[in-house]
>>> print(open('entry05.pdb').read())   # PDB, C-alpha atoms and all ligand atoms
ATOM      1  CA  MET A  23      27.252  -7.604   4.915  1.00  0.00           C
ATOM      2  CA  ALA A  24      25.955  -5.460   7.775  1.00  0.00           C
ATOM      3  CA  VAL A  25      24.557  -2.633   5.598  1.00  0.00           C
ATOM      4  CA  SER A  26      22.673  -4.984   3.259  1.00  0.00           C
ATOM      5  CA  GLY A  27      21.553  -6.956   6.331  1.00  0.00           C
ATOM      6  CA  VAL A  28      20.065  -3.829   7.926  1.00  0.00           C
ATOM      7  CA  LEU A  29      18.065  -3.074   4.740  1.00  0.00           C
ATOM      8  CA  LEU A  30      16.780  -6.645   4.620  1.00  0.00           C
ATOM      9  CA  VAL A  31      15.841  -6.579   8.314  1.00  0.00           C
ATOM     10  CA  LEU A  32      13.900  -3.327   7.806  1.00  0.00           C
ATOM     11  CA  PHE A  33      11.972  -4.900   4.929  1.00  0.00           C
ATOM     12  CA  ILE A  34      11.313  -8.047   6.970  1.00  0.00           C
ATOM     13  CA  ILE A  35       9.949  -6.098   9.955  1.00  0.00           C
ATOM     14  CA  ALA A  36       7.742  -3.949   7.688  1.00  0.00           C
ATOM     15  CA  HIS A  37       6.503  -7.045   5.821  1.00  0.00           C
ATOM     16  CA  MET A  38       5.753  -8.922   9.034  1.00  0.00           C
ATOM     17  CA  ALA A  39       3.809  -5.950  10.423  1.00  0.00           C
ATOM     18  CA  GLY A  40       1.970  -5.491   7.084  1.00  0.00           C
ATOM     19  CA  ASN A  41       0.896  -9.155   7.084  1.00  0.00           C
ATOM     20  CA  LEU A  42      -0.928  -8.624  10.370  1.00  0.00           C
ATOM     21  CA  HIS A  43      -3.580  -6.658   8.410  1.00  0.00           C
ATOM     22  CA  VAL A  44      -4.967 -10.109   7.625  1.00  0.00           C
ATOM     23  CA  PHE A  45      -6.547 -10.074  11.109  1.00  0.00           C
ATOM     24  CA  GLU A  46      -8.500  -6.933  10.194  1.00  0.00           C
ATOM     25  CA  GLY A  47     -10.281  -8.709   7.338  1.00  0.00           C
ATOM     26  CA  PRO A  48     -10.169  -8.806   3.524  1.00  0.00           C
ATOM     27  CA  GLU A  49     -10.999  -5.129   2.901  1.00  0.00           C
ATOM     28  CA  GLU A  50      -8.234  -3.764   5.126  1.00  0.00           C
ATOM     29  CA  MET A  51      -5.612  -6.266   3.959  1.00  0.00           C
ATOM     30  CA  ASN A  52      -6.387  -5.702   0.275  1.00  0.00           C
ATOM     31  CA  ALA A  53      -6.545  -1.937   0.776  1.00  0.00           C
ATOM     32  CA  TYR A  54      -3.059  -2.107   2.284  1.00  0.00           C
ATOM     33  CA  ALA A  55      -1.734  -4.194  -0.651  1.00  0.00           C
ATOM     34  CA  HIS A  56      -3.474  -1.824  -3.089  1.00  0.00           C
ATOM     35  CA  GLY A  57      -2.025   1.218  -1.265  1.00  0.00           C
ATOM     36  CA  LEU A  58       1.503  -0.114  -1.818  1.00  0.00           C
ATOM     37  CA  ARG A  59       0.803  -0.218  -5.556  1.00  0.00           C
ATOM     38  CA  THR A  60      -0.930   3.135  -5.933  1.00  0.00           C
ATOM     39  CA  PHE A  61       1.294   5.160  -3.570  1.00  0.00           C
ATOM     40  CA  GLY A  62       2.035   8.624  -5.000  1.00  0.00           C
ATOM     41  CA  GLU A  63      -0.438   8.349  -7.908  1.00  0.00           C
ATOM     42  CA  PRO A  64      -1.221  10.286 -10.085  1.00  0.00           C
ATOM     43  CA  LEU A  65       2.076  12.135  -9.508  1.00  0.00           C
ATOM     44  CA  LEU A  66       4.073   8.915  -9.739  1.00  0.00           C
ATOM     45  CA  PRO A  67       3.404   6.030 -12.136  1.00  0.00           C
ATOM     46  CA  HIS A  68       1.583   2.909 -10.872  1.00  0.00           C
ATOM     47  CA  GLU A  69       3.700   0.643  -8.602  1.00  0.00           C
ATOM     48  CA  THR A  70       6.591   3.146  -8.300  1.00  0.00           C
ATOM     49  CA  LEU A  71       7.067   2.520  -4.577  1.00  0.00           C
ATOM     50  CA  LEU A  72       6.749  -1.242  -5.068  1.00  0.00           C
ATOM     51  CA  TRP A  73       9.417  -1.253  -7.782  1.00  0.00           C
ATOM     52  CA  ILE A  74      11.794   0.945  -5.776  1.00  0.00           C
ATOM     53  CA  MET A  75      11.350  -1.524  -2.918  1.00  0.00           C
ATOM     54  CA  ARG A  76      11.815  -4.552  -5.190  1.00  0.00           C
ATOM     55  CA  LEU A  77      14.982  -3.174  -6.815  1.00  0.00           C
ATOM     56  CA  GLY A  78      16.358  -2.185  -3.389  1.00  0.00           C
ATOM     57  CA  LEU A  79      15.581  -5.669  -2.069  1.00  0.00           C
ATOM     58  CA  ILE A  80      17.217  -7.441  -4.997  1.00  0.00           C
ATOM     59  CA  ALA A  81      20.333  -5.251  -4.683  1.00  0.00           C
ATOM     60  CA  ALA A  82      20.490  -5.829  -0.913  1.00  0.00           C
ATOM     61  CA  ALA A  83      19.996  -9.603  -1.278  1.00  0.00           C
ATOM     62  CA  VAL A  84      22.700  -9.868  -3.982  1.00  0.00           C
ATOM     63  CA  ALA A  85      25.112  -7.737  -1.902  1.00  0.00           C
ATOM     64  CA  HIS A  86      24.351  -9.812   1.192  1.00  0.00           C
ATOM     65  CA  ILE A  87      25.013 -13.173  -0.490  1.00  0.00           C
ATOM     66  CA  ALA A  88      28.080 -11.863  -2.367  1.00  0.00           C
ATOM     67  CA  SER A  89      29.610 -10.487   0.862  1.00  0.00           C
ATOM     68  CA  ALA A  90      28.939 -13.813   2.598  1.00  0.00           C
ATOM     69  CA  ILE A  91      30.883 -15.630  -0.140  1.00  0.00           C
ATOM     70  CA  VAL A  92      33.751 -13.087  -0.133  1.00  0.00           C
ATOM     71  CA  LEU A  93      34.048 -13.169   3.677  1.00  0.00           C
ATOM     72  CA  THR A  94      34.019 -16.973   3.797  1.00  0.00           C
ATOM     73  CA  ARG A  95      36.774 -17.138   1.161  1.00  0.00           C
ATOM     74  CA  ARG A  96      38.807 -14.487   2.949  1.00  0.00           C
ATOM     75  CA  ALA A  97      38.529 -16.397   6.237  1.00  0.00           C
ATOM     76  CA  ALA A  98      39.613 -19.621   4.507  1.00  0.00           C
ATOM     77  CA  ARG A  99      42.637 -17.846   2.921  1.00  0.00           C
ATOM     78  CA  ALA A 100      43.630 -16.338   6.269  1.00  0.00           C
ATOM     79  CA  ARG A 101      43.737 -19.810   7.807  1.00  0.00           C
ATOM     80  CA  PRO A 102      44.547 -22.315   5.025  1.00  0.00           C
ATOM     81  CA  VAL A 103      45.522 -25.021   7.538  1.00  0.00           C
ATOM     82  CA  ARG A 104      42.551 -26.011   9.651  1.00  0.00           C
ATOM     83  CA  TYR A 105      42.781 -25.929  13.413  1.00  0.00           C
ATOM     84  CA  ALA A 106      43.660 -29.367  14.831  1.00  0.00           C
ATOM     85  CA  HIS A 107      41.231 -28.724  17.678  1.00  0.00           C
ATOM     86  CA  ARG A 108      38.282 -26.590  16.808  1.00  0.00           C
ATOM     87  CA  ARG A 109      37.746 -24.350  19.751  1.00  0.00           C
ATOM     88  CA  PRO A 110      34.667 -22.099  19.798  1.00  0.00           C
ATOM     89  CA  ALA A 111      35.415 -18.439  19.171  1.00  0.00           C
ATOM     90  CA  ARG A 112      34.780 -16.241  22.182  1.00  0.00           C
ATOM     91  CA  GLY A 113      31.107 -15.515  22.866  1.00  0.00           C
ATOM     92  CA  GLU A 114      29.744 -17.530  19.966  1.00  0.00           C
ATOM     93  CA  SER A 115      30.024 -21.079  18.762  1.00  0.00           C
ATOM     94  CA  ARG A 116      31.590 -22.058  15.474  1.00  0.00           C
ATOM     95  CA  HIS A 117      28.462 -23.815  14.450  1.00  0.00           C
ATOM     96  CA  ALA A 118      26.766 -20.393  14.288  1.00  0.00           C
ATOM     97  CA  ALA A 119      28.671 -19.877  11.007  1.00  0.00           C
ATOM     98  CA  ALA A 120      27.267 -23.124   9.571  1.00  0.00           C
ATOM     99  CA  THR A 121      23.788 -22.205  10.865  1.00  0.00           C
ATOM    100  CA  MET A 122      24.065 -18.877   9.035  1.00  0.00           C
ATOM    101  CA  ARG A 123      25.142 -20.494   5.781  1.00  0.00           C
ATOM    102  CA  TRP A 124      22.482 -23.217   5.782  1.00  0.00           C
ATOM    103  CA  GLY A 125      19.857 -20.897   7.220  1.00  0.00           C
ATOM    104  CA  GLY A 126      20.561 -18.503   4.345  1.00  0.00           C
ATOM    105  CA  VAL A 127      20.177 -21.303   1.795  1.00  0.00           C
ATOM    106  CA  VAL A 128      16.838 -22.375   3.369  1.00  0.00           C
ATOM    107  CA  ILE A 129      15.593 -18.766   3.218  1.00  0.00           C
ATOM    108  CA  VAL A 130      16.527 -18.464  -0.484  1.00  0.00           C
ATOM    109  CA  PHE A 131      14.674 -21.725  -1.363  1.00  0.00           C
ATOM    110  CA  PHE A 132      11.711 -20.631   0.737  1.00  0.00           C
ATOM    111  CA  LEU A 133      11.614 -17.281  -1.082  1.00  0.00           C
ATOM    112  CA  VAL A 134      11.373 -18.982  -4.485  1.00  0.00           C
ATOM    113  CA  TRP A 135       8.312 -20.940  -3.279  1.00  0.00           C
ATOM    114  CA  HIS A 136       6.899 -17.907  -1.475  1.00  0.00           C
ATOM    115  CA  LEU A 137       7.053 -15.649  -4.542  1.00  0.00           C
ATOM    116  CA  LEU A 138       5.455 -18.346  -6.744  1.00  0.00           C
ATOM    117  CA  ASP A 139       2.810 -18.815  -4.056  1.00  0.00           C
ATOM    118  CA  LEU A 140       1.846 -15.311  -2.936  1.00  0.00           C
ATOM    119  CA  THR A 141       3.312 -12.834  -5.440  1.00  0.00           C
ATOM    120  CA  PHE A 142       2.979 -14.588  -8.845  1.00  0.00           C
ATOM    121  CA  ARG A 143       0.364 -16.994  -7.395  1.00  0.00           C
ATOM    122  CA  THR A 144       1.259 -19.739  -9.872  1.00  0.00           C
ATOM    123  CA  VAL A 145       1.490 -22.475  -7.182  1.00  0.00           C
ATOM    124  CA  ASN A 146      -1.403 -20.970  -5.233  1.00  0.00           C
ATOM    125  CA  PRO A 147      -4.594 -23.119  -5.326  1.00  0.00           C
ATOM    126  CA  VAL A 148      -6.532 -20.083  -6.582  1.00  0.00           C
ATOM    127  CA  LYS A 149      -4.660 -19.467  -9.823  1.00  0.00           C
ATOM    128  CA  ASP A 150      -3.963 -15.781 -10.268  1.00  0.00           C
ATOM    129  CA  ALA A 151      -5.957 -14.974  -7.111  1.00  0.00           C
ATOM    130  CA  PRO A 152      -6.877 -11.322  -7.588  1.00  0.00           C
ATOM    131  CA  ASP A 153      -6.352 -10.275  -3.978  1.00  0.00           C
ATOM    132  CA  ALA A 154      -3.636 -10.761  -1.361  1.00  0.00           C
ATOM    133  CA  TYR A 155      -6.124 -11.847   1.332  1.00  0.00           C
ATOM    134  CA  GLY A 156      -7.676 -14.528  -0.902  1.00  0.00           C
ATOM    135  CA  ALA A 157      -4.234 -15.841  -1.844  1.00  0.00           C
ATOM    136  CA  VAL A 158      -3.152 -16.096   1.812  1.00  0.00           C
ATOM    137  CA  VAL A 159      -6.355 -17.882   2.865  1.00  0.00           C
ATOM    138  CA  ALA A 160      -6.127 -20.276  -0.109  1.00  0.00           C
ATOM    139  CA  SER A 161      -2.452 -21.037   0.515  1.00  0.00           C
ATOM    140  CA  PHE A 162      -2.762 -21.987   4.183  1.00  0.00           C
ATOM    141  CA  THR A 163      -6.139 -23.705   4.069  1.00  0.00           C
ATOM    142  CA  PRO A 164      -6.221 -26.704   6.534  1.00  0.00           C
ATOM    143  CA  GLU A 165      -5.822 -29.337   3.746  1.00  0.00           C
ATOM    144  CA  ARG A 166      -2.566 -27.686   2.745  1.00  0.00           C
ATOM    145  CA  TRP A 167      -1.066 -27.984   6.222  1.00  0.00           C
ATOM    146  CA  PRO A 168       2.337 -29.073   4.763  1.00  0.00           C
ATOM    147  CA  VAL A 169       2.604 -25.583   3.251  1.00  0.00           C
ATOM    148  CA  THR A 170       2.045 -24.108   6.708  1.00  0.00           C
ATOM    149  CA  VAL A 171       4.748 -26.434   8.098  1.00  0.00           C
ATOM    150  CA  LEU A 172       7.108 -25.289   5.321  1.00  0.00           C
ATOM    151  CA  TYR A 173       6.480 -21.639   6.236  1.00  0.00           C
ATOM    152  CA  LEU A 174       6.979 -22.379   9.936  1.00  0.00           C
ATOM    153  CA  LEU A 175      10.343 -24.050   9.277  1.00  0.00           C
ATOM    154  CA  ALA A 176      11.379 -21.121   7.094  1.00  0.00           C
ATOM    155  CA  VAL A 177      10.447 -18.477   9.667  1.00  0.00           C
ATOM    156  CA  ILE A 178      12.261 -20.430  12.396  1.00  0.00           C
ATOM    157  CA  ALA A 179      15.365 -20.531  10.151  1.00  0.00           C
ATOM    158  CA  LEU A 180      14.857 -16.799   9.582  1.00  0.00           C
ATOM    159  CA  GLY A 181      14.705 -16.231  13.362  1.00  0.00           C
ATOM    160  CA  PHE A 182      18.047 -17.995  13.921  1.00  0.00           C
ATOM    161  CA  HIS A 183      19.544 -16.088  11.000  1.00  0.00           C
ATOM    162  CA  LEU A 184      18.321 -12.747  12.365  1.00  0.00           C
ATOM    163  CA  ARG A 185      19.515 -13.434  15.898  1.00  0.00           C
ATOM    164  CA  HIS A 186      23.056 -14.234  14.856  1.00  0.00           C
ATOM    165  CA  GLY A 187      23.056 -11.623  12.071  1.00  0.00           C
ATOM    166  CA  ILE A 188      22.043  -8.756  14.371  1.00  0.00           C
ATOM    167  CA  TRP A 189      24.589  -9.877  16.954  1.00  0.00           C
ATOM    168  CA  SER A 190      27.376 -10.083  14.334  1.00  0.00           C
ATOM    169  CA  ALA A 191      26.476  -6.733  12.783  1.00  0.00           C
ATOM    170  CA  VAL A 192      26.779  -4.987  16.156  1.00  0.00           C
ATOM    171  CA  GLN A 193      30.085  -6.777  16.845  1.00  0.00           C
ATOM    172  CA  THR A 194      31.374  -5.587  13.465  1.00  0.00           C
ATOM    173  CA  ILE A 195      30.372  -1.989  14.108  1.00  0.00           C
ATOM    174  CA  ALA A 196      31.156  -1.716  17.840  1.00  0.00           C
ATOM    175  CA  GLY A 197      34.166  -4.066  18.076  1.00  0.00           C
ATOM    176  CA  PRO A 198      34.408  -7.377  19.930  1.00  0.00           C
ATOM    177  CA  ASP A 199      34.698  -6.036  23.500  1.00  0.00           C
ATOM    178  CA  HIS A 200      32.071  -3.323  23.597  1.00  0.00           C
ATOM    179  CA  LYS A 201      30.081  -2.820  26.754  1.00  0.00           C
ATOM    180  CA  TRP A 202      26.673  -3.657  25.301  1.00  0.00           C
ATOM    181  CA  ARG A 203      27.388  -7.331  24.593  1.00  0.00           C
ATOM    182  CA  LYS A 204      24.706  -8.643  26.943  1.00  0.00           C
ATOM    183  CA  ARG A 205      22.167  -6.055  25.821  1.00  0.00           C
ATOM    184  CA  THR A 206      22.903  -6.821  22.158  1.00  0.00           C
ATOM    185  CA  GLN A 207      22.279 -10.517  22.763  1.00  0.00           C
ATOM    186  CA  ILE A 208      18.919  -9.790  24.393  1.00  0.00           C
ATOM    187  CA  ILE A 209      17.821  -7.364  21.658  1.00  0.00           C
ATOM    188  CA  ALA A 210      18.901  -9.771  18.895  1.00  0.00           C
ATOM    189  CA  LEU A 211      16.931 -12.585  20.535  1.00  0.00           C
ATOM    190  CA  ALA A 212      13.874 -10.356  21.061  1.00  0.00           C
ATOM    191  CA  VAL A 213      13.841  -9.175  17.416  1.00  0.00           C
ATOM    192  CA  ALA A 214      14.247 -12.766  16.189  1.00  0.00           C
ATOM    193  CA  VAL A 215      11.405 -14.083  18.362  1.00  0.00           C
ATOM    194  CA  ILE A 216       9.036 -11.206  17.531  1.00  0.00           C
ATOM    195  CA  VAL A 217       9.691 -11.481  13.775  1.00  0.00           C
ATOM    196  CA  SER A 218       9.388 -15.290  13.686  1.00  0.00           C
ATOM    197  CA  ALA A 219       6.231 -15.289  15.816  1.00  0.00           C
ATOM    198  CA  GLY A 220       4.726 -12.352  13.867  1.00  0.00           C
ATOM    199  CA  PHE A 221       5.215 -14.209  10.561  1.00  0.00           C
ATOM    200  CA  ALA A 222       4.205 -17.638  11.925  1.00  0.00           C
ATOM    201  CA  ILE A 223       0.916 -16.437  13.376  1.00  0.00           C
ATOM    202  CA  VAL A 224      -0.588 -15.732   9.908  1.00  0.00           C
ATOM    203  CA  PRO A 225      -0.319 -19.230   8.342  1.00  0.00           C
ATOM    204  CA  LEU A 226      -1.224 -20.774  11.718  1.00  0.00           C
ATOM    205  CA  ALA A 227      -4.341 -18.601  12.059  1.00  0.00           C
ATOM    206  CA  VAL A 228      -5.565 -19.646   8.590  1.00  0.00           C
ATOM    207  CA  THR A 229      -4.781 -23.347   9.067  1.00  0.00           C
ATOM    208  CA  PHE A 230      -6.590 -23.374  12.424  1.00  0.00           C
ATOM    209  CA  GLY A 231      -9.614 -21.558  11.007  1.00  0.00           C
ATOM    210  CA  LEU A 232      -9.226 -18.247  12.885  1.00  0.00           C
ATOM    211  CA  VAL A 233      -8.921 -16.430   9.556  1.00  0.00           C
ATOM    212  CA  SER A 234     -10.973 -17.630   6.601  1.00  0.00           C
TER     213      SER A 234
HETATM  214  C1  LIG B 301       5.223 -16.461   6.928  1.00  0.00           C
HETATM  215  C2  LIG B 301       4.352 -15.603   6.578  1.00  0.00           C
HETATM  216  C3  LIG B 301       4.350 -14.747   5.344  1.00  0.00           C
HETATM  217  C4  LIG B 301       3.218 -14.335   4.734  1.00  0.00           C
HETATM  218  C5  LIG B 301       1.777 -14.642   5.154  1.00  0.00           C
HETATM  219  C6  LIG B 301       3.608 -13.520   3.602  1.00  0.00           C
HETATM  220  C7  LIG B 301       2.732 -12.910   2.730  1.00  0.00           C
HETATM  221  C8  LIG B 301       3.068 -12.298   1.552  1.00  0.00           C
HETATM  222  C9  LIG B 301       2.125 -11.806   0.567  1.00  0.00           C
HETATM  223  C10 LIG B 301       0.608 -11.877   0.682  1.00  0.00           C
HETATM  224  C11 LIG B 301       2.848 -11.293  -0.472  1.00  0.00           C
HETATM  225  C12 LIG B 301       2.280 -10.645  -1.753  1.00  0.00           C
HETATM  226  C13 LIG B 301       1.951  -9.218  -1.476  1.00  0.00           C
HETATM  227  C14 LIG B 301       1.206  -8.596  -2.628  1.00  0.00           C
HETATM  228  O1  LIG B 301       1.251  -9.108  -3.745  1.00  0.00           O
HETATM  229  O2  LIG B 301       0.555  -7.559  -2.401  1.00  0.00           O
HETATM  230  C15 LIG B 301       4.252 -11.439  -0.135  1.00  0.00           C
HETATM  231  C16 LIG B 301       5.298 -11.012  -0.913  1.00  0.00           C
HETATM  232  C17 LIG B 301       6.625 -11.096  -0.557  1.00  0.00           C
HETATM  233  N1  LIG B 301       7.138 -11.659   0.589  1.00  0.00           N
HETATM  234 FE1  LIG B 301       6.086 -12.538   2.081  1.00  0.00          FE
HETATM  235  N2  LIG B 301       4.984 -13.432   3.553  1.00  0.00           N
HETATM  236  C18 LIG B 301       5.491 -14.183   4.592  1.00  0.00           C
HETATM  237  C19 LIG B 301       6.821 -14.370   4.885  1.00  0.00           C
HETATM  238  C20 LIG B 301       7.869 -13.799   4.199  1.00  0.00           C
HETATM  239  C21 LIG B 301       9.251 -13.898   4.578  1.00  0.00           C
HETATM  240  C22 LIG B 301       9.752 -14.658   5.805  1.00  0.00           C
HETATM  241  C23 LIG B 301       9.977 -13.213   3.630  1.00  0.00           C
HETATM  242  C24 LIG B 301      11.453 -12.954   3.538  1.00  0.00           C
HETATM  243  C25 LIG B 301      12.392 -13.646   4.114  1.00  0.00           C
HETATM  244  C26 LIG B 301       9.048 -12.694   2.657  1.00  0.00           C
HETATM  245  C27 LIG B 301       9.390 -11.972   1.538  1.00  0.00           C
HETATM  246  C28 LIG B 301       8.504 -11.535   0.574  1.00  0.00           C
HETATM  247  C29 LIG B 301       8.897 -10.850  -0.644  1.00  0.00           C
HETATM  248  C30 LIG B 301      10.317 -10.516  -1.077  1.00  0.00           C
HETATM  249  C31 LIG B 301       7.715 -10.581  -1.347  1.00  0.00           C
HETATM  250  C32 LIG B 301       7.578  -9.890  -2.725  1.00  0.00           C
HETATM  251  C33 LIG B 301       7.210  -8.451  -2.564  1.00  0.00           C
HETATM  252  C34 LIG B 301       6.888  -7.913  -3.941  1.00  0.00           C
HETATM  253  O3  LIG B 301       7.810  -7.609  -4.670  1.00  0.00           O
HETATM  254  O4  LIG B 301       5.724  -7.854  -4.308  1.00  0.00           O
HETATM  255  N3  LIG B 301       7.787 -13.055   3.031  1.00  0.00           N
HETATM  256  N4  LIG B 301       4.355 -12.050   1.098  1.00  0.00           N
END
>>> encode(input="entry05.pdb", output="structure tokens")
Amino acid sequence: MAVSGVLLVLFIIAHMAGNLHVFEGPEEMNAYAHGLRTFGEPLLPHETLLWIMRLGLIAAAVAHIASAIVLTRRAARARPVRYAHRRPARGESRHAAATMRWGGVVIVFFLVWHLLDLTFRTVNPVKDAPDAYGAVVASFTPERWPVTVLYLLAVIALGFHLRHGIWSAVQTIAGPDHKWRKRTQIIALAVAVIVSAGFAIVPLAVTFGLVS
């Protein structure tokens, strides 16, 4: 769970930072997207880096979801009779587990829409938009504000997921009573806020006309 989570977090941070090229204008953003496809050419075939990243992402996502299912089942087997009084576990509330599960489901549904919107561009208003910048601007145009709202909800869900996920990963690795508990909580919150805000700012900027 933790290892696949770390890979996914690294991708998410890189993707969030990459998206900010939109503020530099169409040339820079499209050059960045193009650079991801042509990296290593002519030594490497077209889109080698992109496909390594895609395969790594798919493997990490499958491992992450599979471990979540295995761990949930294991926890249920370890305690087949439910607690009469549900008391929060130390340092975290039980509803964090439900938030993780439902947050994960929201992220998966969001990703299906997101890939159709900005990678395959089939639900994008500009069908088969040739460039990443054009697709982003078309997707979050003011008339399509519900799409922006959808993205905002998804990145908020992602923020909650990241905060608890980073916290849990450190607990798993360092043990429940390590001395950096407070620091871990602050770092997890900071990463979650920066990532959510960094993603959210792009659709918001287009919808409010700052990027067009
Ligand atoms: C909220 C703002 C977001 C924006 C503006 C955005 C933008 C984009 C764009 C433009 C692409 C296509 C890149 C290209 O074809 O060159 C893309 C692809 C992708 N995005 Fe996002 N994204 C956002 C959020 C997210 C989030 C939150 C996730 C993950 C949880 C995510 C995961 C992906 C994935 C997996 C791809 C496919 C990469 C590929 O294989 O080509 N994105 N995104």
>>> residues_near_ligand(input="entry05.pdb", ligand="ligand LIG 301 (chain B)", cutoff="7 Å", atoms="all atoms listed in the file", output="PyMOL selection string")
chain A and resi 34+37-38+41+55+72+76+129+133+136-137+140-141+154-155+157-158+173-174+176-177+180+221-222+224-225
>>> resolve_selection(input="entry05.pdb", expression="the PyMOL selection byres (((chain A and resi 233) around 12) and not hetatm)", output="JSON, numbers by chain")
{"A": [42, 43, 44, 45, 46, 47, 48, 155, 156, 158, 159, 160, 162, 163, 164, 223, 224, 225, 226, 227, 228, 229, 230, 231, 232, 234]}
>>> closest_atom_pairs(input="entry05.pdb", of="region 141-189 of chain A", to="region 121-126 of chain A", cutoff="9 Å", atoms="only C-alpha atoms", output="tab-separated table")
residue	atom	partner	partner_atom	distance
A:Ala176	CA	A:Gly125	CA	8.5
A:Ala179	CA	A:Gly125	CA	5.4
A:Leu180	CA	A:Gly125	CA	6.9
A:Phe182	CA	A:Gly125	CA	7.5
A:His183	CA	A:Met122	CA	5.7
A:His186	CA	A:Met122	CA	7.5
A:Gly187	CA	A:Met122	CA	7.9
>>> atom_distance(input="entry05.pdb", atom1="CA of His200 (chain A)", atom2="CA of Arg99 (chain A)")
27.4 Å
>>> resolve_selection(input="entry05.pdb", expression="the PyMOL selection byres (((chain A and resi 58) around 9) and not hetatm)", output="list of chain:residue names")
A:Ala53, A:Tyr54, A:Ala55, A:His56, A:Gly57, A:Arg59, A:Thr60, A:Phe61, A:Glu69, A:Thr70, A:Leu71, A:Leu72
>>> write_last_selection(input="entry05.pdb", atoms="C-alpha atoms", output="PDB file, in the coordinates of the input")
ATOM      1  CA  ALA A  53      -6.545  -1.937   0.776  1.00  0.00           C
ATOM      2  CA  TYR A  54      -3.059  -2.107   2.284  1.00  0.00           C
ATOM      3  CA  ALA A  55      -1.734  -4.194  -0.651  1.00  0.00           C
ATOM      4  CA  HIS A  56      -3.474  -1.824  -3.089  1.00  0.00           C
ATOM      5  CA  GLY A  57      -2.025   1.218  -1.265  1.00  0.00           C
ATOM      6  CA  ARG A  59       0.803  -0.218  -5.556  1.00  0.00           C
ATOM      7  CA  THR A  60      -0.930   3.135  -5.933  1.00  0.00           C
ATOM      8  CA  PHE A  61       1.294   5.160  -3.570  1.00  0.00           C
ATOM      9  CA  GLU A  69       3.700   0.643  -8.602  1.00  0.00           C
ATOM     10  CA  THR A  70       6.591   3.146  -8.300  1.00  0.00           C
ATOM     11  CA  LEU A  71       7.067   2.520  -4.577  1.00  0.00           C
ATOM     12  CA  LEU A  72       6.749  -1.242  -5.068  1.00  0.00           C
TER      13      LEU A  72
END
>>> resolve_selection(input="entry05.pdb", expression="the PyMOL selection byres (((chain A and resi 82) around 9) and not hetatm)", output="PDB file with C-alpha atoms, keeping the file's coordinate frame")
ATOM      1  CA  VAL A  25      24.557  -2.633   5.598  1.00  0.00           C
ATOM      2  CA  SER A  26      22.673  -4.984   3.259  1.00  0.00           C
ATOM      3  CA  GLY A  27      21.553  -6.956   6.331  1.00  0.00           C
ATOM      4  CA  LEU A  29      18.065  -3.074   4.740  1.00  0.00           C
ATOM      5  CA  LEU A  30      16.780  -6.645   4.620  1.00  0.00           C
ATOM      6  CA  LEU A  77      14.982  -3.174  -6.815  1.00  0.00           C
ATOM      7  CA  GLY A  78      16.358  -2.185  -3.389  1.00  0.00           C
ATOM      8  CA  LEU A  79      15.581  -5.669  -2.069  1.00  0.00           C
ATOM      9  CA  ILE A  80      17.217  -7.441  -4.997  1.00  0.00           C
ATOM     10  CA  ALA A  81      20.333  -5.251  -4.683  1.00  0.00           C
ATOM     11  CA  ALA A  83      19.996  -9.603  -1.278  1.00  0.00           C
ATOM     12  CA  VAL A  84      22.700  -9.868  -3.982  1.00  0.00           C
ATOM     13  CA  ALA A  85      25.112  -7.737  -1.902  1.00  0.00           C
ATOM     14  CA  HIS A  86      24.351  -9.812   1.192  1.00  0.00           C
ATOM     15  CA  ILE A  87      25.013 -13.173  -0.490  1.00  0.00           C
TER      16      ILE A  87
END
>>> closest_residue(input="entry05.pdb", among="A:Pro168, A:Pro102, A:Met51, A:Ala118", to="Ala39 (chain A)", atoms="only C-alpha atoms")
A:Met51
>>> atom_distance(input="entry05.pdb", atom1="CA of Asp139 (chain A)", atom2="CA of Glu50 (chain A)")
20.8 Å
>>> closest_residue(input="entry05.pdb", among="A:Ala219, A:Ala24, A:Val192, A:Leu32", to="Thr206 (chain A)", atoms="all atoms listed in the file")
A:Val192
>>> build_atoms(input="entry05.pdb", residues="region 174-181 of chain A", atoms="N, CA and C atoms", output="PDB file, keeping the file's coordinate frame")
ATOM      1  N   LEU A 174       6.518 -22.439   8.543  1.00  0.00           N
ATOM      2  CA  LEU A 174       6.979 -22.379   9.936  1.00  0.00           C
ATOM      3  C   LEU A 174       8.472 -22.677  10.001  1.00  0.00           C
ATOM      4  N   LEU A 175       8.917 -23.714   9.265  1.00  0.00           N
ATOM      5  CA  LEU A 175      10.343 -24.050   9.277  1.00  0.00           C
ATOM      6  C   LEU A 175      11.157 -22.869   8.746  1.00  0.00           C
ATOM      7  N   ALA A 176      10.643 -22.244   7.690  1.00  0.00           N
ATOM      8  CA  ALA A 176      11.379 -21.121   7.094  1.00  0.00           C
ATOM      9  C   ALA A 176      11.475 -19.950   8.068  1.00  0.00           C
ATOM     10  N   VAL A 177      10.379 -19.647   8.781  1.00  0.00           N
ATOM     11  CA  VAL A 177      10.447 -18.477   9.667  1.00  0.00           C
ATOM     12  C   VAL A 177      11.278 -18.784  10.925  1.00  0.00           C
ATOM     13  N   ILE A 178      11.359 -20.078  11.285  1.00  0.00           N
ATOM     14  CA  ILE A 178      12.261 -20.430  12.396  1.00  0.00           C
ATOM     15  C   ILE A 178      13.717 -20.243  11.924  1.00  0.00           C
ATOM     16  N   ALA A 179      14.016 -20.725  10.713  1.00  0.00           N
ATOM     17  CA  ALA A 179      15.365 -20.531  10.151  1.00  0.00           C
ATOM     18  C   ALA A 179      15.683 -19.036  10.077  1.00  0.00           C
ATOM     19  N   LEU A 180      14.671 -18.254   9.665  1.00  0.00           N
ATOM     20  CA  LEU A 180      14.857 -16.799   9.582  1.00  0.00           C
ATOM     21  C   LEU A 180      15.171 -16.215  10.964  1.00  0.00           C
ATOM     22  N   GLY A 181      14.473 -16.710  11.995  1.00  0.00           N
ATOM     23  CA  GLY A 181      14.705 -16.231  13.362  1.00  0.00           C
ATOM     24  C   GLY A 181      16.148 -16.476  13.802  1.00  0.00           C
TER      25      GLY A 181
END
